[in-house]
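Notes to accompany the following structure.
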Amino acid sequence: MQKKKSIILFVLLFALVLSGCTGAVAWPGLSTSGDVAYLAHTSTVYAVDLKTHNLLWSFSGEKAGFTLFNTNPDMFIVPPVTTTDGLVVIANANNRHMLYAVDPKNFSAIDKAPTPAVRWKFNQAKGLWIAPPLEIDGLLFAPNSDGKIYVLDLNDGMPEKQAVRTIEVSQPGKNESRLWAQPITDGERLFITSLDKAVAAVDLSTYEVLWRVDLNGAVPGGVVLGGDGALYAGSLAKKLERFDPLTGAHQTALETKGWIWGTPVADGDNLYFADVDGYVYSYNTAEQRLNWEPVRPDASITASPLVVGDQILIATESGGIYSISADGKVSLWFQGKEKSKAYTTPVFAEGLTLVAYLDSDYYLVALDQNGKAVWTFSGK
Amino acid sequence: MKNPSNPTQAQRPELPQVNPRETLKTLAVIAVLVLAFMNFNSVIDLLVNILILIYQFVGHNFGIAIILLTALIRLATWPLNAQQMKGAKAMQDLQTDKEWMAIQKKYAKDREKLAQEQMRIYRERGINVFGSCLPMLIQFPILFALIPAITYAIGSYPLSILKLSKSLAAFGLQDVAALIPLNSKFLGIDMGLPERTLIFGVSVPILALIVGLTTFIQTKLTMPPANPNDQSAATGKMMGYYMPIMLFMFSINYASGLSVYFVISNVLSIVQYAMMGKVNWRNLLPGGKKT
């Protein structure tokens, strides 16, 4: 009997060690809507009241039946998206490929662990959900790692959604067209990037791919419309690329020192972005030149810059939040705990700058206008 | 020689002589284990680099790369596996040895004396007590490192790709940007996701079933002939049922690239046992356990 117990213990320990071997594979997703912050952190999505900094509710997916070893846990890393009908769309990035819409107002506040009600769900995608969806006129455009954009009708009242359209972005025969970034729209077209080294435009009236430009490097971040009317995207080929939104005519705007991961941010004629080698760039789209020589705060950068007033805030892998002035002067604004990592793009809401952390005691920190921590949130 | 006139010496239990060669081997294995766990990230980086090199060599086919890496690992650990098999067989043979059984009976109530006698027999027959478990232990860091290595190399998630780039940069072998995204498809299966095949509308985890089946077959085939008095055989028999179930459950939910590793590893293990003439084909037959 003792021997049997030892074997079972060994097997369970072995399974536990195997299950814990991979560690974190993605960073948290952060978004805000009104005075609520939504943080998708590992296995849970948290709704935090920005005024009281209390947890309103949390969502950890729906039970998926019996699992002996939970090696396929729920994984929430996509920034939740609030739709015009007031629901919060949450993507589960695990292997069940589930997209949920929860009612953020429908939860029991007296519960110990309040959970919002699920209004609808969608599970037709074949790949992982890494990108947040985009709502356009009552339709939700949800890009998936299977290379398709699933179009869902938000007004059909269906609790189990069916895609009204599926837009194939990948080229025929190409398997690796992973869509990892939120698309953008100019009202007539939808612009999307792909990890299979491409940027594409989709006609919103016909759902046909208008143009598709193949690049030399994968594009994990999204595109942005610059002040000059051109589209910009960074790639792992260490290039900032410029596109004509109508035709897709493309040229390299700038060569960078490292991979560009995050989506560039447009602010008037200026474009701010960073690279994985840790450099931050300020590019003038009107004059097609750098405003100042790239500056390097301290470590690798995957987040997009955040423009707050006249300063640019940037989160680095070392957990530092740096402030860069309009003329390119860098100063440490806030430093996270030792070994903490800030890969996620900070968000500004209700006068606070919110920073999501990985490998830290707290998941979220709210900073005032001087970079001082006002409160932290650790998932409780 | 004992001196009976010296009572102190006569009463002192005979200490087992240390075999310097075996001790050195054991210490070397322990040192490798400690180093591996202390530099676990380096082991991961090494495996990632080898995996990506093979991936490039075989024309960007991740499935083939995993198969070849598995074969490479089995080849590198071949002597260790052989020693493990040899050690296990020697320990197994002891269970039916007359002298061994005699001392078990004779010193059943004197554990200290029994231990001395056991050590004497080990020494006389050149058996390393750790011969069967140390080689297995040394493979653990490889297995534990292989899981993140495959996960990073497939790059299904953002942080995996960053870790992949850092792993490759650590060895300075190549610029990973040109490789991303890696072609993770093999025989129509995405190596980065758990495999499911629709059969008559039912989603069946075929690869996980193959993992469970090959693990079961491998355990059965490599199990020495059962002896009713042999407790280790009974333990092995139980493991023969638990391990396939555990690896099946594991494979259901994890990246199918890992399932490919388990299947190929099982097959190559059977091949190695067969080449050493230690496969018990009768174990596969119902009621065919007696040899």
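A note on labels: chains of the structure tokens are A, B, ... as shown, every chain counts residues from 1, and ligands are counted from 1 in their shown order.
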Residues within 9 Å of A:Gln124, only C-alpha atoms, excluding chain neighbours under 6 positions, as a VMD selection string: chain A and resid 97 to 98 150 161 to 163
Contacts of chain B with chain A up to 6 Å, shortest pair per row, only C-alpha atoms, as a Markdown table:
```
| residue | atom | partner | partner_atom | distance |
| --- | --- | --- | --- | --- |
| B:Pro148 | CA | A:Thr22 | CA | 4.5 |
| B:Tyr157 | CA | A:Val25 | CA | 5.9 |
| B:Pro158 | CA | A:Ala26 | CA | 5.6 |
| B:Leu159 | CA | A:Ala26 | CA | 4.7 |
| B:Ser160 | CA | A:Val25 | CA | 5.4 |
| B:Ala177 | CA | A:Leu236 | CA | 5.7 |
| B:Asn253 | CA | A:Asn72 | CA | 5.2 |
```
DSSP helix (DSSP H, G or I) selection over stretch 18-195 of chain B, as a ChimeraX atom specification: /B:20-38,40-57,62-76,78-94,98-106,111-124,134-154,158-171,176-178
Please build the interface table for stretch 145-249 of chain B against stretch 58-82 of chain B with a cut-off of 9 Å, listing for each qualifying residue the nearest atom pair and the distance in Å to one decimal; count only C-alpha atoms, order rows by chain and increasing number, and write it as JSON lines.
```
{"residue": "B:Ile150", "atom": "CA", "partner": "B:Ile66", "partner_atom": "CA", "distance": 8.2}
{"residue": "B:Ile154", "atom": "CA", "partner": "B:Phe62", "partner_atom": "CA", "distance": 8.0}
{"residue": "B:Leu179", "atom": "CA", "partner": "B:His60", "partner_atom": "CA", "distance": 8.6}
{"residue": "B:Leu182", "atom": "CA", "partner": "B:His60", "partner_atom": "CA", "distance": 7.4}
{"residue": "B:Asn183", "atom": "CA", "partner": "B:His60", "partner_atom": "CA", "distance": 6.3}
{"residue": "B:Ser184", "atom": "CA", "partner": "B:Phe62", "partner_atom": "CA", "distance": 5.4}
{"residue": "B:Lys185", "atom": "CA", "partner": "B:Phe62", "partner_atom": "CA", "distance": 6.9}
{"residue": "B:Phe186", "atom": "CA", "partner": "B:Gly63", "partner_atom": "CA", "distance": 5.1}
{"residue": "B:Leu187", "atom": "CA", "partner": "B:Gly63", "partner_atom": "CA", "distance": 8.0}
{"residue": "B:Ile189", "atom": "CA", "partner": "B:Gly63", "partner_atom": "CA", "distance": 9.0}
{"residue": "B:Met191", "atom": "CA", "partner": "B:Gly63", "partner_atom": "CA", "distance": 7.0}
```
B:Ile103 surroundings by only C-alpha atoms, 12 Å radius, close-in-sequence under 2 positions cut, as a list in words: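 Surrounding residues, per the criterion: Leu94, Gln95, Asp97, Lys98, Glu99, Trp100, Met101, Lys105, Lys106, Tyr107, Ala108, Lys109, Asp110, Arg111, Glu112, Lys113, Leu114, Ala115, Gln116, Glu117, Gln118, Met119, Arg120 and Ile121 of chain B.
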d(atom CA of A:Ile314, atom CA of A:Val280) in Å: 8.3 Å
Leaving out A:Leu50 and any residue of its chain fewer than 5 positions from it, which residues lie within 12 Å of it when counting only C-alpha atoms, given as a PDB file with C-alpha atoms, in the first residue's frame?
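Result file is around.pdb:
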```pdb
ATOM      1  CA  SER A  31      -7.257  48.229 -21.046  1.00  0.00           C
ATOM      2  CA  THR A  32      -9.642  50.714 -19.485  1.00  0.00           C
ATOM      3  CA  SER A  33     -13.223  51.785 -20.003  1.00  0.00           C
ATOM      4  CA  GLY A  34     -14.477  54.787 -18.079  1.00  0.00           C
ATOM      5  CA  ASP A  35     -13.307  54.420 -14.523  1.00  0.00           C
ATOM      6  CA  VAL A  36     -12.668  50.687 -14.692  1.00  0.00           C
ATOM      7  CA  ALA A  37      -9.374  49.006 -15.578  1.00  0.00           C
ATOM      8  CA  TYR A  38      -9.416  45.539 -17.090  1.00  0.00           C
ATOM      9  CA  LEU A  39      -6.342  43.461 -16.522  1.00  0.00           C
ATOM     10  CA  LEU A  55     -11.563  44.658  -7.319  1.00  0.00           C
ATOM     11  CA  LEU A  56     -15.056  44.772  -8.826  1.00  0.00           C
ATOM     12  CA  PHE A 348      -3.630  56.493 -19.053  1.00  0.00           C
ATOM     13  CA  ALA A 349      -7.044  56.842 -17.433  1.00  0.00           C
ATOM     14  CA  GLU A 350      -8.680  59.027 -14.790  1.00  0.00           C
ATOM     15  CA  GLY A 351      -5.496  61.028 -14.365  1.00  0.00           C
ATOM     16  CA  LEU A 352      -3.468  57.919 -13.586  1.00  0.00           C
ATOM     17  CA  THR A 353      -0.893  55.987 -15.559  1.00  0.00           C
ATOM     18  CA  LEU A 354      -1.527  52.282 -15.174  1.00  0.00           C
ATOM     19  CA  LEU A 364      -0.909  46.599 -11.563  1.00  0.00           C
ATOM     20  CA  VAL A 365       0.374  49.918 -10.283  1.00  0.00           C
ATOM     21  CA  ALA A 366      -1.300  53.293 -10.668  1.00  0.00           C
ATOM     22  CA  LEU A 367       1.079  56.245 -10.945  1.00  0.00           C
ATOM     23  CA  VAL A 374      -0.746  55.862  -5.769  1.00  0.00           C
ATOM     24  CA  TRP A 375      -1.937  52.318  -5.348  1.00  0.00           C
ATOM     25  CA  THR A 376      -1.121  48.817  -6.409  1.00  0.00           C
ATOM     26  CA  PHE A 377      -3.286  45.836  -7.217  1.00  0.00           C
TER      27      PHE A 377
END
```
Best match for closeness to B:Ile252 among B:Lys86, B:Arg196, B:Lys166, B:Arg123, counting only C-alpha atoms: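 Nearest to B:Ile252: B:Arg196.
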Point-to-point distance from atom CA of A:Arg119 to atom CA of A:Pro159, Å rounded to tenths: 6.1 Å
